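Student: Sharing start_24.pdb (PDB, C-alpha atoms, pLDDT in the B column) below.
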```pdb
ATOM      1  CA  MET A   1       0.000   0.000   0.000  1.00 49.00           C
ATOM      2  CA  SER A   2       1.148   3.474  -0.682  1.00 51.00           C
ATOM      3  CA  THR A   3       1.335   5.898   2.200  1.00 54.00           C
ATOM      4  CA  LEU A   4      -0.783   8.153  -0.005  1.00 61.00           C
ATOM      5  CA  ASP A   5      -3.735   5.759   0.108  1.00 78.00           C
ATOM      6  CA  THR A   6      -6.462   7.171   2.313  1.00 88.00           C
ATOM      7  CA  THR A   7      -9.063   5.156   4.143  1.00 90.00           C
ATOM      8  CA  ASP A   8     -11.634   6.299   1.591  1.00 92.00           C
ATOM      9  CA  THR A   9      -9.556   5.205  -1.420  1.00 93.00           C
ATOM     10  CA  LEU A  10      -8.821   1.833   0.192  1.00 93.00           C
ATOM     11  CA  ARG A  11     -12.517   1.375   1.046  1.00 94.00           C
ATOM     12  CA  ALA A  12     -13.484   2.265  -2.529  1.00 94.00           C
ATOM     13  CA  ARG A  13     -10.959  -0.221  -3.968  1.00 94.00           C
ATOM     14  CA  TYR A  14     -12.339  -2.906  -1.674  1.00 95.00           C
ATOM     15  CA  ALA A  15     -15.929  -2.058  -2.655  1.00 96.00           C
ATOM     16  CA  ARG A  16     -15.078  -2.368  -6.367  1.00 96.00           C
ATOM     17  CA  ALA A  17     -13.336  -5.728  -5.972  1.00 95.00           C
ATOM     18  CA  ALA A  18     -15.481  -7.308  -3.249  1.00 96.00           C
ATOM     19  CA  PRO A  19     -18.363  -8.492  -5.460  1.00 96.00           C
ATOM     20  CA  ARG A  20     -15.913 -10.766  -7.307  1.00 96.00           C
ATOM     21  CA  LEU A  21     -13.241 -11.494  -4.699  1.00 95.00           C
ATOM     22  CA  ASP A  22     -15.012 -11.251  -1.330  1.00 96.00           C
ATOM     23  CA  PRO A  23     -18.779 -11.447  -1.889  1.00 96.00           C
ATOM     24  CA  GLU A  24     -19.521 -12.785   1.602  1.00 97.00           C
ATOM     25  CA  GLY A  25     -17.082 -10.410   3.330  1.00 97.00           C
ATOM     26  CA  PHE A  26     -15.001 -13.074   5.055  1.00 97.00           C
ATOM     27  CA  ARG A  27     -11.649 -11.671   3.919  1.00 96.00           C
ATOM     28  CA  LEU A  28     -12.644  -8.353   5.456  1.00 97.00           C
ATOM     29  CA  PHE A  29     -13.799 -10.070   8.651  1.00 98.00           C
ATOM     30  CA  TYR A  30     -10.628 -12.173   8.993  1.00 97.00           C
ATOM     31  CA  ALA A  31      -8.509  -9.049   8.489  1.00 97.00           C
ATOM     32  CA  ALA A  32     -10.483  -7.335  11.273  1.00 97.00           C
ATOM     33  CA  GLN A  33     -10.018 -10.343  13.559  1.00 97.00           C
ATOM     34  CA  GLU A  34      -6.283 -10.143  13.084  1.00 96.00           C
ATOM     35  CA  ILE A  35      -6.139  -6.393  13.736  1.00 97.00           C
ATOM     36  CA  ALA A  36      -8.500  -6.457  16.730  1.00 96.00           C
ATOM     37  CA  GLY A  37      -6.943  -9.528  18.282  1.00 95.00           C
ATOM     38  CA  ILE A  38     -10.334 -11.170  18.793  1.00 94.00           C
ATOM     39  CA  PRO A  39      -9.919 -14.695  17.411  1.00 93.00           C
ATOM     40  CA  TYR A  40     -13.300 -16.078  18.512  1.00 94.00           C
ATOM     41  CA  LEU A  41     -16.555 -14.151  18.636  1.00 94.00           C
ATOM     42  CA  TRP A  42     -18.115 -16.835  20.818  1.00 93.00           C
ATOM     43  CA  GLU A  43     -15.802 -15.769  23.656  1.00 94.00           C
ATOM     44  CA  VAL A  44     -17.197 -12.237  23.535  1.00 96.00           C
ATOM     45  CA  PHE A  45     -20.793 -13.116  22.622  1.00 97.00           C
ATOM     46  CA  PRO A  46     -21.594 -16.478  24.264  1.00 94.00           C
ATOM     47  CA  TYR A  47     -25.380 -15.988  24.251  1.00 95.00           C
ATOM     48  CA  GLU A  48     -25.500 -15.138  20.547  1.00 96.00           C
ATOM     49  CA  ASP A  49     -23.234 -18.083  19.817  1.00 95.00           C
ATOM     50  CA  ALA A  50     -25.393 -20.452  21.883  1.00 93.00           C
ATOM     51  CA  ARG A  51     -28.401 -19.321  19.851  1.00 93.00           C
ATOM     52  CA  GLY A  52     -26.550 -20.141  16.613  1.00 96.00           C
ATOM     53  CA  GLN A  53     -26.475 -16.572  15.350  1.00 94.00           C
ATOM     54  CA  PHE A  54     -22.975 -16.933  13.959  1.00 95.00           C
ATOM     55  CA  GLU A  55     -23.479 -20.295  12.250  1.00 94.00           C
ATOM     56  CA  LEU A  56     -24.847 -18.976   8.964  1.00 93.00           C
ATOM     57  CA  ALA A  57     -23.747 -15.353   9.295  1.00 96.00           C
ATOM     58  CA  ASN A  58     -21.662 -13.840   6.531  1.00 97.00           C
ATOM     59  CA  GLY A  59     -18.469 -11.881   7.105  1.00 97.00           C
ATOM     60  CA  HIS A  60     -20.259  -8.527   7.043  1.00 97.00           C
ATOM     61  CA  THR A  61     -22.564  -9.544   9.910  1.00 97.00           C
ATOM     62  CA  LEU A  62     -19.666 -10.981  11.900  1.00 98.00           C
ATOM     63  CA  LEU A  63     -17.666  -7.802  11.268  1.00 98.00           C
ATOM     64  CA  ARG A  64     -20.428  -5.719  12.838  1.00 97.00           C
ATOM     65  CA  TYR A  65     -20.170  -7.753  16.066  1.00 98.00           C
ATOM     66  CA  LEU A  66     -16.389  -7.729  16.056  1.00 98.00           C
ATOM     67  CA  THR A  67     -16.136  -3.987  15.439  1.00 98.00           C
ATOM     68  CA  ALA A  68     -18.654  -3.229  18.190  1.00 98.00           C
ATOM     69  CA  ALA A  69     -16.688  -5.412  20.619  1.00 97.00           C
ATOM     70  CA  HIS A  70     -13.346  -3.908  19.641  1.00 97.00           C
ATOM     71  CA  PHE A  71     -14.547  -0.334  20.107  1.00 98.00           C
ATOM     72  CA  GLY A  72     -16.685  -0.957  23.199  1.00 97.00           C
ATOM     73  CA  ALA A  73     -19.969  -0.237  21.445  1.00 97.00           C
ATOM     74  CA  VAL A  74     -21.887  -3.054  23.148  1.00 98.00           C
ATOM     75  CA  SER A  75     -24.475  -2.865  25.912  1.00 98.00           C
ATOM     76  CA  TRP A  76     -25.573  -5.959  27.771  1.00 97.00           C
ATOM     77  CA  GLU A  77     -29.059  -7.001  28.839  1.00 97.00           C
ATOM     78  CA  VAL A  78     -29.789  -9.949  31.122  1.00 96.00           C
ATOM     79  CA  VAL A  79     -31.813 -12.658  29.419  1.00 94.00           C
ATOM     80  CA  PRO A  80     -34.664 -13.541  31.826  1.00 95.00           C
ATOM     81  CA  GLY A  81     -34.467 -17.040  33.266  1.00 93.00           C
ATOM     82  CA  THR A  82     -30.855 -17.614  32.166  1.00 88.00           C
ATOM     83  CA  THR A  83     -27.347 -16.795  33.282  1.00 88.00           C
ATOM     84  CA  TYR A  84     -26.698 -15.156  29.900  1.00 90.00           C
ATOM     85  CA  GLU A  85     -26.510 -11.557  28.851  1.00 95.00           C
ATOM     86  CA  ARG A  86     -27.637 -10.559  25.387  1.00 96.00           C
ATOM     87  CA  ALA A  87     -25.547  -8.086  23.393  1.00 97.00           C
ATOM     88  CA  ILE A  88     -27.093  -4.886  22.156  1.00 98.00           C
ATOM     89  CA  LEU A  89     -24.825  -3.468  19.467  1.00 97.00           C
ATOM     90  CA  ARG A  90     -24.526   0.300  19.417  1.00 97.00           C
ATOM     91  CA  GLU A  91     -23.148   2.433  16.632  1.00 97.00           C
ATOM     92  CA  VAL A  92     -19.372   2.693  16.503  1.00 97.00           C
ATOM     93  CA  ASP A  93     -18.098   6.258  16.324  1.00 96.00           C
ATOM     94  CA  THR A  94     -16.349   6.161  12.969  1.00 94.00           C
ATOM     95  CA  SER A  95     -15.049   9.720  13.272  1.00 95.00           C
ATOM     96  CA  THR A  96     -12.430   8.950  15.922  1.00 96.00           C
ATOM     97  CA  PRO A  97      -8.751   8.728  14.975  1.00 95.00           C
ATOM     98  CA  GLU A  98      -8.664   5.216  16.476  1.00 96.00           C
ATOM     99  CA  TYR A  99     -11.444   4.017  14.203  1.00 97.00           C
ATOM    100  CA  GLN A 100      -9.922   5.734  11.161  1.00 95.00           C
ATOM    101  CA  ALA A 101      -6.585   3.998  11.798  1.00 96.00           C
ATOM    102  CA  PHE A 102      -8.398   0.675  12.244  1.00 97.00           C
ATOM    103  CA  ALA A 103     -10.396   1.135   9.026  1.00 97.00           C
ATOM    104  CA  ARG A 104      -7.330   2.072   6.985  1.00 95.00           C
ATOM    105  CA  GLN A 105      -5.479  -0.976   8.255  1.00 96.00           C
ATOM    106  CA  LEU A 106      -8.583  -3.142   7.750  1.00 97.00           C
ATOM    107  CA  TYR A 107      -9.108  -2.290   4.094  1.00 96.00           C
ATOM    108  CA  ALA A 108      -5.383  -2.450   3.326  1.00 95.00           C
ATOM    109  CA  LYS A 109      -5.144  -5.924   4.888  1.00 95.00           C
ATOM    110  CA  ALA A 110      -8.335  -7.130   3.159  1.00 96.00           C
ATOM    111  CA  LEU A 111      -7.011  -5.946  -0.203  1.00 96.00           C
ATOM    112  CA  GLU A 112      -3.772  -7.836   0.447  1.00 94.00           C
ATOM    113  CA  ARG A 113      -5.809 -10.967   1.242  1.00 92.00           C
ATOM    114  CA  MET A 114      -7.596 -10.483  -2.078  1.00 92.00           C
ATOM    115  CA  GLY A 115      -4.277 -10.231  -3.910  1.00 91.00           C
ATOM    116  CA  LEU A 116      -4.725  -6.515  -4.573  1.00 89.00           C
ATOM    117  CA  GLY A 117      -2.657  -5.016  -1.803  1.00 74.00           C
ATOM    118  CA  LYS A 118       0.710  -4.572  -3.370  1.00 62.00           C
ATOM    119  CA  PRO A 119       1.334  -3.584  -6.959  1.00 49.00           C
ATOM    120  CA  ALA A 120       2.866  -6.267  -9.117  1.00 46.00           C
ATOM    121  CA  PRO A 121       6.590  -5.795  -9.647  1.00 49.00           C
ATOM    122  CA  GLN A 122       7.409  -4.144 -12.933  1.00 48.00           C
ATOM    123  CA  PRO A 123       9.715  -6.036 -15.286  1.00 55.00           C
ATOM    124  CA  GLU A 124      13.146  -4.513 -15.361  1.00 57.00           C
ATOM    125  CA  LYS A 125      14.066  -2.657 -18.517  1.00 52.00           C
ATOM    126  CA  GLN A 126      17.017  -4.075 -20.326  1.00 51.00           C
ATOM    127  CA  LYS A 127      20.108  -2.045 -19.704  1.00 51.00           C
ATOM    128  CA  VAL A 128      21.827  -0.668 -22.755  1.00 49.00           C
ATOM    129  CA  ARG A 129      25.561  -0.874 -22.493  1.00 51.00           C
ATOM    130  CA  LYS A 130      27.496   2.230 -23.388  1.00 53.00           C
ATOM    131  CA  ASP A 131      29.866   0.312 -25.620  1.00 53.00           C
ATOM    132  CA  GLN A 132      27.002  -0.960 -27.796  1.00 51.00           C
ATOM    133  CA  GLY A 133      26.835   2.141 -29.919  1.00 52.00           C
ATOM    134  CA  ASP A 134      25.070   2.248 -33.270  1.00 53.00           C
ATOM    135  CA  ALA A 135      26.192  -0.600 -35.501  1.00 51.00           C
ATOM    136  CA  ARG A 136      25.534   1.239 -38.733  1.00 47.00           C
TER     137      ARG A 136
END
```
Spell out the structure here as structure tokens.
Tutor:
Amino acid sequence: MSTLDTTDTLRARYARAAPRLDPEGFRLFYAAQEIAGIPYLWEVFPYEDARGQFELANGHTLLRYLTAAHFGAVSWEVVPGTTYERAILREVDTSTPEYQAFARQLYAKALERMGLGKPAPQPEKQKVRKDQGDAR
């Protein structure tokens, strides 16, 4: 990635490529897991896991839970008659510098996972030797 790439340009590149290379959003989710250091959502959301909410969820849905957990945008409500607490996801403040740094890293890492992160090396031009003047 170039240091000139902004979060918005990285997000736009991801959005253009995602329909073909990450339609379910799992590359984006796995990149977020790595950055956030949250390897298992079931550890953070045991009630939702016990209900099977993550079984058929796509990467975009899982990312919403992971991002809320990472940025502390979760409220908890006791589930009557159980020892569980249910998560209530709040909106993550995307204007903070912490979120902006996370998002930039997220899209850069997802693009790398899609094979689009680093430009392909350019073939070297053949060097012309000085002593190979015109052979006319």
Student: Report the residues retrieved by the PyMOL selection byres ((chain A and resi 26-39) around 9) from the displayed file, expressed as an MDAnalysis selection string.
Tutor: chainID A and resid 14 21:25 40:41 43:44 58:64 66:67 69:70 102:103 105:111 113:114
Student: Nearest residue to Thr96 (chain A) out of A:Trp42, A:Arg51, A:Phe71, A:Arg13, using all atoms listed in the file?
Tutor: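 Closest residue, counting all atoms listed in the file: A:Phe71.
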Student: Around all the atoms of region 25-34 of chain A listed in the file, with 8 Å of room on each side, what axis-aligned box do you get, giving centre and edge lengths in Å to one decimal, as lines of an AutoDock Vina configuration file?
Tutor:
```
center_x = -11.7
center_y = -10.2
center_z = 8.4
size_x = 26.8
size_y = 21.7
size_z = 26.2
```
Student: Can you work out the spacing between CA of Gly115 (chain A) and CA of Gln100 (chain A) in Å, to one decimal?
Tutor: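 According to the coordinates, CA of Gly115 (chain A) and CA of Gln100 (chain A) are separated by 22.7 Å.
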Student: Have a look at CA of Arg16 (chain A) and CA of Ala57 (chain A) and let me know their distance in Å, one decimal.
Tutor: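 Value for the CA of Arg16 (chain A)-CA of Ala57 (chain A) distance: 22.1 Å.
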Student: On this file, the PyMOL selection byres ((chain A and resi 85) around 10) gives some set of residues; write that set as a PyMOL selection string.
Tutor: chain A and resi 45-48+75-80+82-84+86-88
Student: Just how far from CA of Ala12 (chain A) is CA of Thr94 (chain A), in Å to one decimal?
Tutor: 16.2 Å
